[in-house]
Structure formats: structure tokens, C-alpha cells
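Pasting query.cif here (mmCIF, C-alpha atoms):
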```cif
data_model
#
loop_
_atom_site.label_atom_id
_atom_site.label_comp_id
_atom_site.auth_asym_id
_atom_site.auth_seq_id
_atom_site.Cartn_x
_atom_site.Cartn_y
_atom_site.Cartn_z
CA MET A 1 23.48 288.90 138.86
CA SER A 2 24.89 290.94 136.01
CA GLY A 3 24.42 294.65 135.65
CA THR A 4 21.79 294.37 132.93
CA ASP A 5 19.77 292.07 135.15
CA GLN A 6 19.51 294.56 138.00
CA VAL A 7 18.56 297.43 135.72
CA THR A 8 15.84 295.37 134.08
CA MET A 9 14.36 294.28 137.39
CA ALA A 10 14.40 297.85 138.73
CA LEU A 11 12.79 299.16 135.54
CA VAL A 12 10.08 296.48 135.57
CA ILE A 13 9.29 297.16 139.23
CA LYS A 14 9.03 300.90 138.57
CA ALA A 15 6.77 300.22 135.59
CA LEU A 16 4.58 298.05 137.82
CA ASP A 17 4.38 300.93 140.32
CA ALA A 18 3.37 303.25 137.49
CA ALA A 19 0.68 300.85 136.27
CA ALA A 20 -0.74 300.48 139.80
CA LEU A 21 -0.84 304.27 140.23
CA ARG A 22 -2.41 304.62 136.80
CA HIS A 23 -5.17 302.21 137.85
CA GLN A 24 -5.95 304.42 140.86
CA ALA A 25 -6.11 307.46 138.59
CA ILE A 26 -8.41 305.72 136.08
CA ALA A 27 -10.64 304.36 138.87
CA GLY A 28 -10.84 307.88 140.32
CA ASN A 29 -11.77 309.30 136.92
CA ILE A 30 -14.49 306.68 136.41
CA ALA A 31 -15.85 307.24 139.93
CA ASN A 32 -16.09 310.97 139.14
CA ALA A 33 -17.65 310.44 135.71
CA ASN A 34 -20.57 312.69 136.59
CA SER A 35 -18.89 315.04 139.05
CA VAL A 36 -19.05 318.76 138.47
CA GLY A 37 -15.85 320.72 138.07
CA TYR A 38 -13.71 317.57 138.04
CA ARG A 39 -10.22 317.58 136.54
CA PRO A 40 -9.22 314.14 135.22
CA LEU A 41 -6.04 312.53 136.60
CA ARG A 42 -3.20 311.14 134.53
CA VAL A 43 0.08 309.45 135.46
CA SER A 44 3.33 310.54 133.89
CA PHE A 45 5.98 307.82 133.73
CA GLU A 46 6.80 306.75 130.18
CA GLU A 47 7.50 310.32 129.13
CA GLN A 48 10.25 310.57 131.75
CA LEU A 49 11.99 307.67 130.11
CA GLY A 50 12.49 309.41 126.77
CA PHE A 51 16.25 309.02 126.73
CA ALA A 52 15.96 305.37 127.79
CA ARG A 53 13.64 304.60 124.90
CA GLN A 54 16.04 306.18 122.46
CA ALA A 55 18.93 304.12 123.82
CA LEU A 56 16.85 300.94 123.59
CA ALA A 57 15.74 301.76 120.07
CA ARG A 58 19.35 302.08 119.03
CA GLY A 59 20.03 298.65 120.48
CA GLU A 60 22.47 299.83 123.11
CA ARG A 61 22.35 298.57 126.65
CA ALA A 62 23.09 302.01 127.99
CA LEU A 63 20.75 302.09 130.96
CA THR A 64 22.19 302.25 134.45
CA LEU A 65 20.58 302.29 137.86
CA ALA A 66 21.63 305.91 138.29
CA ASP A 67 19.59 306.86 135.20
CA LEU A 68 16.52 305.25 136.69
CA SER A 69 16.77 306.85 140.13
CA SER A 70 15.33 310.14 138.91
CA VAL A 71 12.33 308.53 137.19
CA GLN A 72 9.22 308.41 139.34
CA PRO A 73 5.57 307.82 138.41
CA THR A 74 3.66 310.98 139.32
CA LEU A 75 0.02 312.09 139.30
CA ARG A 76 -1.01 314.97 137.09
CA GLN A 77 -4.27 316.83 136.76
CA GLU A 78 -5.63 317.85 133.40
CA PRO A 79 -6.90 321.42 133.03
CA ALA A 80 -10.60 321.94 133.75
CA SER A 81 -12.84 321.20 130.78
CA GLN A 82 -14.99 323.76 129.01
CA VAL A 83 -18.48 324.42 130.29
CA GLY A 84 -20.90 321.94 128.74
CA GLU A 85 -18.22 319.40 127.87
CA PRO A 86 -18.02 316.33 130.08
CA ALA A 87 -14.83 316.29 132.11
CA VAL A 88 -14.49 312.52 131.95
CA MET A 89 -15.19 310.45 128.83
CA VAL A 90 -16.10 307.12 130.34
CA ASP A 91 -15.47 305.12 127.16
CA LEU A 92 -11.92 306.43 126.83
CA GLU A 93 -11.31 305.67 130.49
CA MET A 94 -12.52 302.10 129.91
CA VAL A 95 -10.06 301.74 127.03
CA ARG A 96 -7.27 303.07 129.23
CA LEU A 97 -8.32 300.65 131.96
CA ALA A 98 -8.11 297.66 129.62
CA GLN A 99 -4.72 298.78 128.29
CA ASN A 100 -3.33 299.38 131.76
CA THR A 101 -4.54 296.04 133.08
CA LEU A 102 -2.93 294.27 130.14
CA GLN A 103 0.34 296.14 130.66
CA TYR A 104 0.34 295.26 134.35
CA GLN A 105 -0.21 291.58 133.68
CA ALA A 106 2.40 291.50 130.89
CA LEU A 107 4.96 293.04 133.24
CA LEU A 108 4.08 290.48 135.92
CA LYS A 109 4.61 287.69 133.39
CA GLY A 110 7.99 289.15 132.44
CA LEU A 111 8.98 289.35 136.11
CA ASN A 112 7.97 285.72 136.60
CA HIS A 113 10.06 284.68 133.61
CA ARG A 114 13.19 286.35 134.98
CA ILE A 115 12.59 284.79 138.37
CA SER A 116 12.07 281.34 136.88
CA ILE A 117 15.33 281.54 134.90
CA ILE A 118 17.24 282.30 138.08
CA SER A 119 15.40 279.64 140.04
CA ALA A 120 16.14 277.09 137.31
CA ALA A 121 19.81 277.89 137.82
CA ILE A 122 19.48 277.58 141.58
CA ASN A 123 17.51 274.34 141.54
CA GLU A 124 19.62 272.80 138.76
CA GLY A 125 16.49 272.02 136.85
CA ARG A 126 14.81 270.12 139.66
CA ARG A 127 11.34 271.41 140.55
CA MET B 1 -0.53 297.28 144.34
CA ASP B 2 -2.65 299.18 146.77
CA TYR B 3 -5.83 297.31 145.96
CA PHE B 4 -7.51 298.53 149.13
CA SER B 5 -7.67 302.13 147.98
CA ALA B 6 -8.51 301.01 144.42
CA PHE B 7 -11.57 299.21 145.84
CA ALA B 8 -12.42 302.25 147.96
CA ILE B 9 -12.31 304.55 144.93
CA SER B 10 -14.53 302.33 142.80
CA GLY B 11 -16.83 301.73 145.78
CA SER B 12 -17.34 305.46 146.29
CA GLY B 13 -18.15 305.87 142.60
CA MET B 14 -20.67 303.03 142.78
CA SER B 15 -22.45 304.46 145.81
CA VAL B 16 -22.69 307.90 144.15
CA GLU B 17 -24.16 306.43 140.98
CA LYS B 18 -26.51 304.22 142.96
CA LEU B 19 -27.85 307.27 144.78
CA ARG B 20 -28.25 309.09 141.48
CA LEU B 21 -30.19 306.10 140.15
CA ASP B 22 -32.45 306.02 143.21
CA VAL B 23 -33.17 309.75 143.02
CA THR B 24 -33.96 309.55 139.30
CA ALA B 25 -36.26 306.58 139.91
CA LEU B 26 -37.99 308.61 142.64
CA ASN B 27 -38.49 311.50 140.23
CA LEU B 28 -39.91 309.23 137.56
CA ALA B 29 -42.25 307.59 140.07
CA ASN B 30 -43.65 310.99 140.98
CA VAL B 31 -44.27 312.26 137.47
CA ASN B 32 -48.02 312.41 138.06
CA SER B 33 -48.11 313.15 141.79
CA THR B 34 -50.16 316.22 142.40
CA ARG B 35 -49.62 316.21 146.13
CA GLY B 36 -46.27 315.96 147.92
CA GLY B 37 -45.40 314.77 151.42
CA ALA B 38 -46.36 317.81 153.42
CA GLY B 39 -49.36 318.63 151.24
CA THR B 40 -47.26 320.74 148.86
CA LEU B 41 -46.26 319.73 145.36
CA TYR B 42 -43.43 317.20 144.89
CA GLN B 43 -40.09 318.80 144.09
CA PRO B 44 -37.90 316.86 141.61
CA LEU B 45 -34.40 316.26 142.99
CA THR B 46 -30.95 316.26 141.41
CA VAL B 47 -27.79 314.69 142.78
CA VAL B 48 -24.68 316.84 142.57
CA SER B 49 -21.45 314.91 143.03
CA THR B 50 -17.89 316.17 143.27
CA ALA B 51 -14.49 314.70 143.82
CA LYS B 52 -13.55 314.23 147.45
CA SER B 53 -12.15 317.52 148.67
CA GLY B 54 -8.39 317.89 148.64
CA ALA B 55 -8.04 314.53 146.96
CA PHE B 56 -5.33 315.51 144.52
CA ALA B 57 -3.24 317.36 147.10
CA ALA B 58 -3.51 314.45 149.52
CA ALA B 59 -2.52 311.95 146.83
CA LEU B 60 0.50 314.07 145.85
CA ALA B 61 1.55 314.37 149.47
CA GLY B 62 1.55 310.58 149.63
CA ALA B 63 -1.29 310.41 152.13
CA GLY B 64 -2.81 307.53 150.22
CA ASN B 65 -4.95 307.36 147.14
CA ALA B 66 -8.23 306.35 148.79
CA ALA B 67 -9.24 310.02 148.71
CA LEU B 68 -9.36 309.99 144.90
CA GLY B 69 -12.97 308.85 144.82
CA ALA B 70 -16.25 310.70 144.40
CA LYS B 71 -18.72 311.87 146.99
CA VAL B 72 -22.20 313.34 146.94
CA TYR B 73 -22.03 317.09 147.39
CA GLU B 74 -25.75 317.63 147.84
CA VAL B 75 -29.15 316.43 146.73
CA ARG B 76 -30.94 319.58 145.75
CA PRO B 77 -34.36 320.35 144.32
CA SER B 78 -34.11 321.22 140.66
CA PRO B 79 -35.62 324.52 139.66
CA MET B 80 -37.96 323.29 136.94
CA PRO B 81 -41.16 325.19 136.27
CA VAL B 82 -44.30 323.48 137.41
CA ARG B 83 -46.41 321.80 134.71
CA LEU B 84 -49.96 323.14 134.58
CA VAL B 85 -52.66 320.97 133.01
CA TYR B 86 -56.27 322.04 132.53
CA GLU B 87 -58.40 319.46 134.44
CA PRO B 88 -61.34 321.17 136.15
CA SER B 89 -62.74 317.85 137.41
CA HIS B 90 -59.54 316.95 139.30
CA PRO B 91 -59.84 317.18 143.12
CA ASP B 92 -56.60 319.19 143.25
CA ALA B 93 -57.60 321.71 140.61
CA ASP B 94 -57.13 325.33 141.63
CA GLY B 95 -59.59 328.13 141.13
CA LYS B 96 -59.05 328.34 137.37
CA GLY B 97 -59.29 324.55 136.85
CA PHE B 98 -55.53 323.99 136.41
CA VAL B 99 -53.76 321.09 138.14
CA ALA B 100 -50.09 321.56 139.00
CA TYR B 101 -47.83 318.59 138.25
CA PRO B 102 -44.13 318.43 139.20
CA GLY B 103 -41.85 319.86 136.51
CA ILE B 104 -40.23 316.54 135.66
CA ASN B 105 -39.02 316.05 132.11
CA SER B 106 -39.22 312.30 131.54
CA VAL B 107 -36.69 312.41 128.71
CA ASN B 108 -34.07 314.14 130.84
CA GLU B 109 -34.67 311.70 133.66
CA MET B 110 -34.26 308.72 131.31
CA VAL B 111 -30.98 310.14 130.00
CA THR B 112 -29.73 310.62 133.57
CA LEU B 113 -30.82 307.05 134.33
CA ILE B 114 -28.86 305.65 131.40
CA ALA B 115 -25.78 307.74 132.21
CA ALA B 116 -25.87 306.63 135.85
CA THR B 117 -26.24 302.99 134.85
CA ARG B 118 -23.34 303.23 132.41
CA ALA B 119 -21.14 304.92 135.01
CA TYR B 120 -22.08 302.27 137.57
CA GLU B 121 -21.10 299.49 135.17
CA ALA B 122 -17.83 301.27 134.42
CA ASN B 123 -17.06 301.42 138.14
CA VAL B 124 -17.80 297.70 138.45
CA ALA B 125 -15.41 297.02 135.55
CA ALA B 126 -12.70 299.07 137.28
CA LEU B 127 -13.22 297.08 140.47
CA ASN B 128 -12.97 293.77 138.61
CA ALA B 129 -9.79 294.93 136.89
CA ALA B 130 -8.25 295.80 140.26
CA LYS B 131 -9.24 292.41 141.62
CA VAL B 132 -7.72 290.57 138.63
CA MET B 133 -4.49 292.55 138.95
CA ALA B 134 -4.24 291.85 142.68
CA LEU B 135 -4.84 288.12 142.13
CA LYS B 136 -2.15 287.99 139.44
CA THR B 137 0.24 289.77 141.77
CA LEU B 138 -0.22 286.94 144.25
CA GLU B 139 1.11 284.53 141.62
CA ILE B 140 4.60 286.07 141.40
CA GLY B 141 7.19 283.34 141.56
CA GLY B 142 4.67 280.61 140.90
CA ASN B 143 6.42 279.61 137.68
CA MET C 1 0.51 272.61 87.91
CA SER C 2 3.23 270.08 88.49
CA VAL C 3 4.16 268.38 91.71
CA ASP C 4 7.88 268.46 92.49
CA PRO C 5 9.41 265.23 93.70
CA VAL C 6 10.33 265.21 97.37
CA GLY C 7 14.01 265.91 97.02
CA PHE C 8 14.80 268.79 99.34
CA LEU C 9 15.83 266.69 102.33
CA PRO C 10 19.59 265.98 102.37
CA ALA C 11 19.11 262.41 103.63
CA VAL C 12 16.61 261.67 100.88
CA ARG C 13 18.96 263.21 98.35
CA ASP C 14 21.76 260.94 99.52
CA ILE C 15 19.59 257.87 99.29
CA VAL C 16 18.34 258.84 95.85
CA SER C 17 21.83 259.54 94.55
CA GLY C 18 23.16 256.35 96.09
CA GLN C 19 25.75 257.97 98.35
CA ALA C 20 26.49 256.67 101.84
CA PRO C 21 24.69 258.79 104.47
CA GLU C 22 27.67 258.70 106.82
CA ALA C 23 29.72 260.75 104.40
CA SER C 24 28.01 263.98 105.44
CA ALA C 25 28.73 263.37 109.13
CA GLN C 26 32.45 263.08 108.59
CA ALA C 27 32.93 266.69 107.56
CA GLY C 28 35.69 266.97 110.18
CA PRO C 29 36.45 265.99 113.79
CA ILE C 30 33.48 266.88 116.00
CA ASP C 31 34.51 269.75 118.27
CA PHE C 32 32.28 269.19 121.30
CA ALA C 33 33.86 271.80 123.54
CA GLY C 34 33.49 274.41 120.82
CA TRP C 35 29.91 273.41 120.13
CA MET C 36 29.07 273.60 123.84
CA ALA C 37 30.64 277.04 124.13
CA ARG C 38 28.67 278.22 121.12
CA GLU C 39 25.41 276.91 122.55
CA ILE C 40 26.06 278.59 125.90
CA GLY C 41 26.79 281.79 124.05
CA SER C 42 23.53 281.56 122.13
CA VAL C 43 21.53 280.92 125.32
CA ASN C 44 23.19 283.94 126.85
CA GLU C 45 22.25 285.97 123.78
CA LYS C 46 18.64 284.85 124.15
CA ILE C 47 18.55 285.85 127.82
CA VAL C 48 20.08 289.25 127.10
CA ASN C 49 17.60 289.71 124.26
CA SER C 50 14.71 288.87 126.57
CA ASP C 51 16.09 291.46 129.00
CA GLN C 52 15.96 294.06 126.27
CA LEU C 53 12.42 293.07 125.30
CA LEU C 54 11.34 293.38 128.92
CA GLN C 55 12.90 296.82 129.15
CA ARG C 56 11.04 297.80 125.98
CA LEU C 57 7.80 296.59 127.52
CA ALA C 58 8.45 298.57 130.72
CA THR C 59 9.14 301.78 128.80
CA GLY C 60 5.99 301.27 126.76
CA GLN C 61 7.48 300.98 123.28
CA VAL C 62 6.24 297.52 122.38
CA ASP C 63 4.44 297.16 119.07
CA ASN C 64 3.50 293.50 119.36
CA LEU C 65 3.13 291.85 122.71
CA HIS C 66 3.47 288.34 121.29
CA GLN C 67 7.08 288.97 120.29
CA VAL C 68 7.93 289.89 123.86
CA MET C 69 6.16 286.83 125.26
CA ILE C 70 7.75 284.50 122.70
CA GLY C 71 11.21 285.95 123.38
CA LEU C 72 10.77 285.52 127.14
CA GLU C 73 9.54 281.96 126.78
CA GLU C 74 12.37 281.10 124.38
CA ALA C 75 14.98 282.39 126.83
CA LYS C 76 13.47 280.46 129.72
CA LEU C 77 13.18 277.21 127.77
CA SER C 78 16.70 277.51 126.32
CA PHE C 79 18.12 278.02 129.77
CA GLN C 80 16.20 275.07 131.20
CA LEU C 81 17.38 272.92 128.30
CA LEU C 82 20.95 274.01 128.96
CA VAL C 83 20.62 273.08 132.62
CA GLN C 84 19.26 269.64 131.69
CA VAL C 85 22.10 269.07 129.21
CA ARG C 86 24.58 270.00 131.94
CA ASN C 87 22.87 267.56 134.33
CA LYS C 88 23.07 264.75 131.79
CA LEU C 89 26.72 265.48 131.09
CA LEU C 90 27.52 265.40 134.80
CA GLU C 91 25.63 262.14 135.18
CA ALA C 92 27.53 260.59 132.29
CA TYR C 93 30.82 261.79 133.74
CA GLN C 94 29.96 260.38 137.16
CA ASP C 95 28.91 257.08 135.53
CA ILE C 96 32.28 256.83 133.84
CA MET C 97 34.19 257.71 137.01
CA ARG C 98 32.30 255.02 138.89
CA MET C 99 33.44 252.33 136.49
CA GLN C 100 35.88 249.90 138.05
CA VAL C 101 39.15 249.85 136.19
#
```

Output the file's structure as C-alpha cells, nothing else.
Amino acid sequence: MSGTDQVTMALVIKALDAAALRHQAIAGNIANANSVGYRPLRVSFEEQLGFARQALARGERALTLADLSSVQPTLRQEPASQVGEPAVMVDLEMVRLAQNTLQYQALLKGLNHRISIISAAINEGRR
Amino acid sequence: MDYFSAFAISGSGMSVEKLRLDVTALNLANVNSTRGGAGTLYQPLTVVSTAKSGAFAAALAGAGNAALGAKVYEVRPSPMPVRLVYEPSHPDADGKGFVAYPGINSVNEMVTLIAATRAYEANVAALNAAKVMALKTLEIGGN
Amino acid sequence: MSVDPVGFLPAVRDIVSGQAPEASAQAGPIDFAGWMAREIGSVNEKIVNSDQLLQRLATGQVDNLHQVMIGLEEAKLSFQLLVQVRNKLLEAYQDIMRMQV
């Protein structure tokens, strides 16, 4: 496998980890929709990839595995909301849930595509 | 994906909202009860829920994300003033002819009911999303 | 509004103008090895492009999801087509080698 291949697979797997963690955070927020003193949870992952996005936008294939090793999806807590304001806005959480589910499934599809290209090479086109 | 803890989180949210629904229904059923269980007046109840204690710290420490759910902190009587209605012919009327009804505001209770229902449905949607994601994960490599 | 006659197809143009259709095919000797190399190069380009699209999706900077999906599918299909072409070529070669002299 070429170098680009490995980086892509590693990046996609990390993004899948981030999406799974994000689902836990959103599910936790929804479960605590009416909890008092609750601080909503968020996952930070895409922000850590700022330099990678810039490189991709410029069309360079500048990513290496070493760049990715420091990127990790992490949980973050938002500051406590003001008194009287709901801590969790259920509708926004539902939107985030839909977006995250779609992202997860799109990444899975991409992973399957890469795997099927390699398996087509291995099987010489025979199923 | 750790679908087990995702189910646990949504399940905890659903049980909290279900309890809130039951308590609100109990309050609404007792709007006109002049006599409570032990002979005293019925006290309307409120459900106070919080996040599971130490959930965030445990999740950061990698001890699993099942602790991210919600739990019921307490079910406490709400301090609403008693409603006094002038009905001298009522068997429970006091000396001055006033009957004491529980201080339940039907409008507030209906709002709580709707909020609890909406939150319950949102938890069900989160559970379904987790299930769909887990099923799709099983199809990796299936062309 | 006028309707243009159907004249944009090269074959139709040849027939209409009375030229022999084989003339266009004899532009020069057919360079099969070169053509094959070019096709392999273009399939490689498609796969590398799909890699980039997937990286864009993972970093969350995708504006339209359908472009990513189309690019991925194109790469996969091109590669499978290439593999089938290679199989057919091998078969033809083996057929020829099997021929009794």
C-alpha cells in the first residue's frame, strides 16, 4: 500500500472514532435535557486538524502519519448556562445527531470503497 | 463503536423522562383531591434529575462512557400554595367554609408533560441512530 | 424557432459529406502500449483523487456529499474495469500461446 493509502485509512478510522464519541456526547446531552445544572458535552476533533484542512485545500498531499498521531478526539464541557436558560436545546441536539449519523455512515461507505478496491486487486475481479 | 454505552445513556434518559411523565400524570390526576393518603392534603411532586455524578471525569479518564447518562436526583414535593375554594357544603370544608385543594397549576403540569414527552422521543431517536450506526458498522467489507 | 439538422456527430457528418468513415480511424498507427499506460495513469489519478475526497470528508470540509460518493464510486468502477481488461488481455494472450504452430 502506498503512503497516501495508509494516511487516508488512519484518518478515516480516527474520524470514525470521533463520530462514535460524538454520538455518546449527544446521547448524554439528550438524556440530560431536563437536568439541573448540566453542562453540555462536545467533542473536539475537526478543530485539531486545522493544518491538515489547509494542506488539503491547497491540493497538496502533505499529510503524514506523524502529523496524525497527535490528533485525538476529546470530550469537552461547555460552561454552565445562565439561570433560567435551558442547558440543553433538544432541537439543536437532534440536528447534531442527524448530522453525526450521516457523517458516520458516509465514512463507513468510504472505508468500504477503499477496501473493495484492494479486494478487487486481490481477487483479480472474481467475486 | 461502543453501542453498549450509547444504549445505556439513552436508556437512562428514557427512564428519567418516563418517571417525570408518571409523576406529572399523578399530579394531574389529583387536581381535585381534597384528601391525601394519610388523611392530609395531597402534595404535588416534582422530579429533579441531574447528570450521573462524576460522569465527565470518568469519561475523560477513559473509564467508559456509560456514566454520561442522566439519573433522578430526587422526587420532592413542590412548595406551591394550597388552593382555597369557598364551598361550605363540601364534607371537607373547614370552619370558615373553605375547601383546600392541592396547589397544582394545570398549565405548568401540561407544559412539563409536553417537555417530558419531547425529551423521551428525542432519546428514542438517539437510540435508533445508535442502532443504525452499529448495524452499518457490521457491514464493513461487505462490498 | 428553427430546428437544426442533426449534423454534430462525426460519423453522420462523414456520411453526409460522402467521405469514407475509415479515413478518421487511420490518423496514425494505433499505439496500444501508450494507450494502456495512459489509461492506467488515469485510473491511478481517480484513485488518488478519491483518497483526497475521503480525507476531506474525514476532516469535515465537504460541501457536497454527492461529489465524494460519485468520486469514490468512479474510482472503484474504473479499477474494476481495469482489472477486467487485464483479465481479457491475459486470456487472449494465453489463447494465442495455446495455438499449435

Legend entry - Selection result of the PyMOL selection byres ((chain C) within 8 of (chain A)) on this file, as a VMD selection string: chain C and resid 48 51 to 52 54 to 61 69 72 to 73 76 79 to 80 83 to 84 87

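Minimum distance to chain B across A:Leu108, A:Ala87, A:Leu68, A:Leu92 (counting all atoms listed in the file) occurs at A:Leu108.
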
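Of the listed residues B:Ala29, B:Met14, B:Ile114, B:Leu135, the one whose atoms come nearest to chain A is B:Met14, with distances taken using only C-alpha atoms.
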
Inset, instruction - Write out as a ChimeraX atom specification which residues come within 9 Å of Pro81 (chain B) when counting only C-alpha atoms, dropping same-chain ones fewer than 2 positions away. - result: /B:79,83,102-104

Inset, instruction - For the file shown, report as a list of chain:residue names the outcome of the PyMOL selection byres ((chain A and resi 25-28) around 6) at residue level. - result: A:Arg22, A:His23, A:Gln24, A:Asn29, A:Ile30, A:Ala31, A:Leu41, B:Ile9, B:Ser10, B:Leu68, B:Gly69, B:Ala126

Legend entry - 8 Å contacts from chain B to chain A using only C-alpha atoms, as a PyMOL selection string: chain B and resi 1-2+5-6+9-10+12-14+48-51+56+59-60+65+68-70+119+122-123+126-127+129-130+133+136-137+140-143

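Here CA of Leu113 (chain B) stands at a distance of 7.8 Å from CA of Ala25 (chain B).
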
Legend entry - All residues 7 Å or closer to Leu45 (chain B), all atoms listed in the file, same chain fewer than 2 positions away omitted, as a PyMOL selection string: chain B and resi 23+27+43+47+75-78

Inset, instruction - Go through C:Lys46, C:Leu53, C:Gly34, C:Gln100 and flag the residue nearest Ser78 (chain C), using all atoms listed in the file for the distances. - result: C:Lys46

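Minimum atom-to-atom distance to Ser15 (chain B), evaluated using only C-alpha atoms, belongs to B:Ala116 out of B:Ala100, B:Ala67, B:Pro91, B:Ala116.
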
Legend entry - Separation of CA of Leu65 (chain C) from CA of Ile47 (chain C) in Å: 17.3 Å

Inset, instruction - Just give me the gap between CA of Glu78 (chain A) and CA of Val72 (chain B) in Å, one decimal is fine. - result: 21.9 Å

N, CA and C atoms restored at region 29-57 of chain B, emitted as a CSV table (one decimal), in the frame of the given file:
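Result file is out-v8.csv:
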```csv
chain,number,residue,atom,x,y,z
B,29,ALA,N,-41.1,308.2,139.4
B,29,ALA,CA,-42.2,307.6,140.1
B,29,ALA,C,-43.3,308.7,140.4
B,30,ASN,N,-42.8,309.9,140.6
B,30,ASN,CA,-43.6,311.0,141.0
B,30,ASN,C,-44.0,311.9,139.8
B,31,VAL,N,-44.0,311.4,138.6
B,31,VAL,CA,-44.3,312.3,137.5
B,31,VAL,C,-45.7,312.8,137.6
B,32,ASN,N,-46.6,312.0,138.0
B,32,ASN,CA,-48.0,312.4,138.1
B,32,ASN,C,-48.5,312.6,139.5
B,33,SER,N,-47.6,312.9,140.4
B,33,SER,CA,-48.1,313.2,141.8
B,33,SER,C,-48.5,314.6,141.9
B,34,THR,N,-49.7,314.8,142.2
B,34,THR,CA,-50.2,316.2,142.4
B,34,THR,C,-50.0,316.7,143.8
B,35,ARG,N,-49.8,315.8,144.7
B,35,ARG,CA,-49.6,316.2,146.1
B,35,ARG,C,-48.3,315.6,146.7
B,36,GLY,N,-47.5,316.4,147.3
B,36,GLY,CA,-46.3,316.0,147.9
B,36,GLY,C,-46.5,315.5,149.3
B,37,GLY,N,-45.4,315.3,150.1
B,37,GLY,CA,-45.4,314.8,151.4
B,37,GLY,C,-46.1,315.7,152.4
B,38,ALA,N,-45.8,316.9,152.4
B,38,ALA,CA,-46.4,317.8,153.4
B,38,ALA,C,-47.6,318.5,152.9
B,39,GLY,N,-48.2,318.0,151.8
B,39,GLY,CA,-49.4,318.6,151.2
B,39,GLY,C,-49.0,319.5,150.1
B,40,THR,N,-47.7,319.9,150.0
B,40,THR,CA,-47.3,320.7,148.9
B,40,THR,C,-46.9,319.9,147.7
B,41,LEU,N,-46.6,320.5,146.6
B,41,LEU,CA,-46.3,319.7,145.4
B,41,LEU,C,-44.9,319.1,145.5
B,42,TYR,N,-44.7,317.9,144.8
B,42,TYR,CA,-43.4,317.2,144.9
B,42,TYR,C,-42.4,318.0,144.1
B,43,GLN,N,-41.2,318.1,144.7
B,43,GLN,CA,-40.1,318.8,144.1
B,43,GLN,C,-39.1,317.8,143.5
B,44,PRO,N,-38.9,317.8,142.2
B,44,PRO,CA,-37.9,316.9,141.6
B,44,PRO,C,-36.5,317.2,142.1
B,45,LEU,N,-35.7,316.1,142.4
B,45,LEU,CA,-34.4,316.3,143.0
B,45,LEU,C,-33.3,315.9,142.0
B,46,THR,N,-32.1,316.6,142.2
B,46,THR,CA,-31.0,316.3,141.4
B,46,THR,C,-29.8,316.0,142.4
B,47,VAL,N,-29.0,315.0,142.0
B,47,VAL,CA,-27.8,314.7,142.8
B,47,VAL,C,-26.6,315.4,142.2
B,48,VAL,N,-25.9,316.2,143.0
B,48,VAL,CA,-24.7,316.8,142.6
B,48,VAL,C,-23.5,316.2,143.3
B,49,SER,N,-22.6,315.6,142.4
B,49,SER,CA,-21.4,314.9,143.0
B,49,SER,C,-20.2,315.6,142.6
B,50,THR,N,-19.2,315.6,143.6
B,50,THR,CA,-17.9,316.2,143.3
B,50,THR,C,-16.8,315.2,143.7
B,51,ALA,N,-15.6,315.5,143.3
B,51,ALA,CA,-14.5,314.7,143.8
B,51,ALA,C,-14.3,315.0,145.3
B,52,LYS,N,-13.8,314.0,146.0
B,52,LYS,CA,-13.6,314.2,147.4
B,52,LYS,C,-12.6,315.4,147.6
B,53,SER,N,-12.9,316.3,148.6
B,53,SER,CA,-12.2,317.5,148.7
B,53,SER,C,-10.7,317.2,149.0
B,54,GLY,N,-9.8,318.0,148.4
B,54,GLY,CA,-8.4,317.9,148.6
B,54,GLY,C,-7.8,316.6,148.2
B,55,ALA,N,-8.5,315.9,147.3
B,55,ALA,CA,-8.0,314.5,147.0
B,55,ALA,C,-6.7,314.6,146.3
B,56,PHE,N,-6.6,315.5,145.3
B,56,PHE,CA,-5.3,315.5,144.5
B,56,PHE,C,-4.1,315.9,145.4
B,57,ALA,N,-4.3,316.9,146.2
B,57,ALA,CA,-3.2,317.4,147.1
B,57,ALA,C,-2.8,316.2,148.0
```
